[in-house]
$ cat upload-v3.cif   # mmCIF, C-alpha atoms and all ligand atoms
data_protein
loop_
_atom_site.label_atom_id
_atom_site.label_comp_id
_atom_site.auth_asym_id
_atom_site.auth_seq_id
_atom_site.Cartn_x
_atom_site.Cartn_y
_atom_site.Cartn_z
CA MET A 1 172.82 154.78 111.71
CA GLU A 2 170.50 153.38 114.30
CA LEU A 3 169.27 149.81 114.31
CA VAL A 4 165.85 148.76 115.56
CA ASN A 5 163.83 145.56 115.49
CA CYS A 6 161.08 145.31 112.94
CA ASN A 7 157.75 145.92 114.61
CA ARG A 8 156.25 142.80 113.12
CA CYS A 9 158.83 140.05 112.61
CA GLY A 10 161.58 141.34 114.89
CA LYS A 11 164.24 141.42 112.21
CA LEU A 12 166.98 143.98 112.77
CA GLN A 13 166.86 146.90 110.38
CA VAL A 14 167.95 150.48 109.96
CA GLN A 15 165.52 152.69 111.78
CA ARG A 16 162.75 154.30 109.81
CA PRO A 17 159.49 156.00 110.76
CA ASP A 18 157.19 153.02 110.29
CA THR A 19 159.50 150.55 112.07
CA LEU A 20 158.81 147.72 109.64
CA CYS A 21 161.46 145.88 107.64
CA LYS A 22 161.29 145.69 103.87
CA ASP A 23 159.65 142.25 103.84
CA CYS A 24 156.90 143.28 106.22
CA GLN A 25 156.35 146.52 104.37
CA GLN A 26 155.72 144.59 101.21
CA LEU A 27 153.39 142.25 103.02
CA TYR A 28 151.54 145.16 104.58
CA ALA A 29 151.25 146.91 101.25
CA SER A 30 149.68 143.90 99.57
CA GLU A 31 147.31 143.35 102.48
CA ALA A 32 146.34 147.00 102.47
CA LEU A 33 145.58 146.73 98.78
CA ILE A 34 143.26 143.75 99.35
CA VAL A 35 141.46 145.47 102.23
CA LYS A 36 141.00 148.72 100.33
CA GLU A 37 139.84 146.89 97.23
CA TYR A 38 137.27 144.97 99.26
CA ILE A 39 135.91 148.17 100.80
CA LYS A 40 135.76 149.81 97.40
CA MET A 41 133.72 146.91 96.06
CA ASN A 42 131.57 146.75 99.21
CA PRO A 43 131.04 150.32 100.38
CA GLY A 44 128.59 149.27 103.10
CA ALA A 45 130.91 146.70 104.62
CA THR A 46 131.69 146.88 108.30
CA ILE A 47 135.13 146.27 109.69
CA MET A 48 133.95 142.81 110.80
CA ASP A 49 132.95 142.04 107.21
CA VAL A 50 136.48 142.89 106.20
CA VAL A 51 137.90 140.63 108.93
CA GLN A 52 135.74 137.75 107.76
CA HIS A 53 136.47 138.30 104.12
CA THR A 54 140.22 138.76 104.36
CA GLY A 55 141.02 136.63 107.40
CA TYR A 56 143.28 139.40 108.72
CA THR A 57 143.13 140.45 112.33
CA LEU A 58 140.98 143.35 113.46
CA LYS A 59 144.10 145.14 114.65
CA ARG A 60 145.77 144.83 111.27
CA ILE A 61 142.76 146.11 109.40
CA LYS A 62 142.42 149.07 111.74
CA GLU A 63 146.06 149.87 111.11
CA ILE A 64 145.50 149.72 107.38
CA LEU A 65 142.42 151.94 107.53
CA ARG A 66 143.91 154.45 109.91
ZN ZN A 101 159.71 142.49 109.47
#
$ encode --input "upload-v3.cif" --output "structure tokens" --more "lines below"
Ligand SMILES: [Zn+2]
Amino acid sequence: MELVNCNRCGKLQVQRPDTLCKDCQQLYASEALIVKEYIKMNPGATIMDVVQHTGYTLKRIKEILR
């Protein structure tokens, strides 16, 4: 069993492919839901619209939309 630091908060966790701990995964999942919902409701929205609407960082949103 290999331990790694969570990619986001640095908490130690058992290694998994996405390198996020359970807490951050949950956070990411809820953020992803909000971003995807916004895009669904606003099909013409640019990524900057999403940034402004959600307050999340550009990097985060790009990760979600990847
Ligand atoms: Zn974490």
$ closest_atom_pairs --input "upload-v3.cif" --of "chain A" --to "ligand ZN 101 (chain A)" --cutoff "10 Å" --atoms "only C-alpha atoms and all ligand atoms" --output "CSV"
residue,atom,partner,partner_atom,distance
A:Asn5,CA,A:ZN101,ZN,7.9
A:Cys6,CA,A:ZN101,ZN,4.7
A:Asn7,CA,A:ZN101,ZN,6.5
A:Arg8,CA,A:ZN101,ZN,5.0
A:Cys9,CA,A:ZN101,ZN,4.1
A:Gly10,CA,A:ZN101,ZN,5.8
A:Lys11,CA,A:ZN101,ZN,5.4
A:Leu12,CA,A:ZN101,ZN,8.1
A:Gln13,CA,A:ZN101,ZN,8.4
A:Thr19,CA,A:ZN101,ZN,8.5
A:Leu20,CA,A:ZN101,ZN,5.3
A:Cys21,CA,A:ZN101,ZN,4.2
A:Lys22,CA,A:ZN101,ZN,6.6
A:Asp23,CA,A:ZN101,ZN,5.6
A:Cys24,CA,A:ZN101,ZN,4.4
A:Gln25,CA,A:ZN101,ZN,7.3
A:Gln26,CA,A:ZN101,ZN,9.4
A:Leu27,CA,A:ZN101,ZN,9.0
A:Tyr28,CA,A:ZN101,ZN,9.9
$ atom_distance --input "upload-v3.cif" --atom1 "CA of Val50 in chain A" --atom2 "CA of Glu63 in chain A"
12.8 Å
$ atom_distance --input "upload-v3.cif" --atom1 "CA of Lys36 in chain A" --atom2 "CA of Ile64 in chain A"
8.4 Å
$ closest_residue --input "upload-v3.cif" --among "A:Leu65, A:Val14, A:Met48, A:Leu58" --to "Val35 in chain A" --atoms "all atoms listed in the file"
A:Leu65
$ atom_distance --input "upload-v3.cif" --atom1 "CA of Arg60 in chain A" --atom2 "CA of Met1 in chain A"
28.8 Å
$ closest_residue --input "upload-v3.cif" --among "A:Gln52, A:Gly44, A:Arg16, A:Ile61" --to "Ala29 in chain A" --atoms "all atoms listed in the file"
A:Ile61
$ closest_residue --input "upload-v3.cif" --among "A:His53, A:Lys59, A:Asp18, A:Leu3" --to "Glu37 in chain A" --atoms "only C-alpha atoms"
A:His53
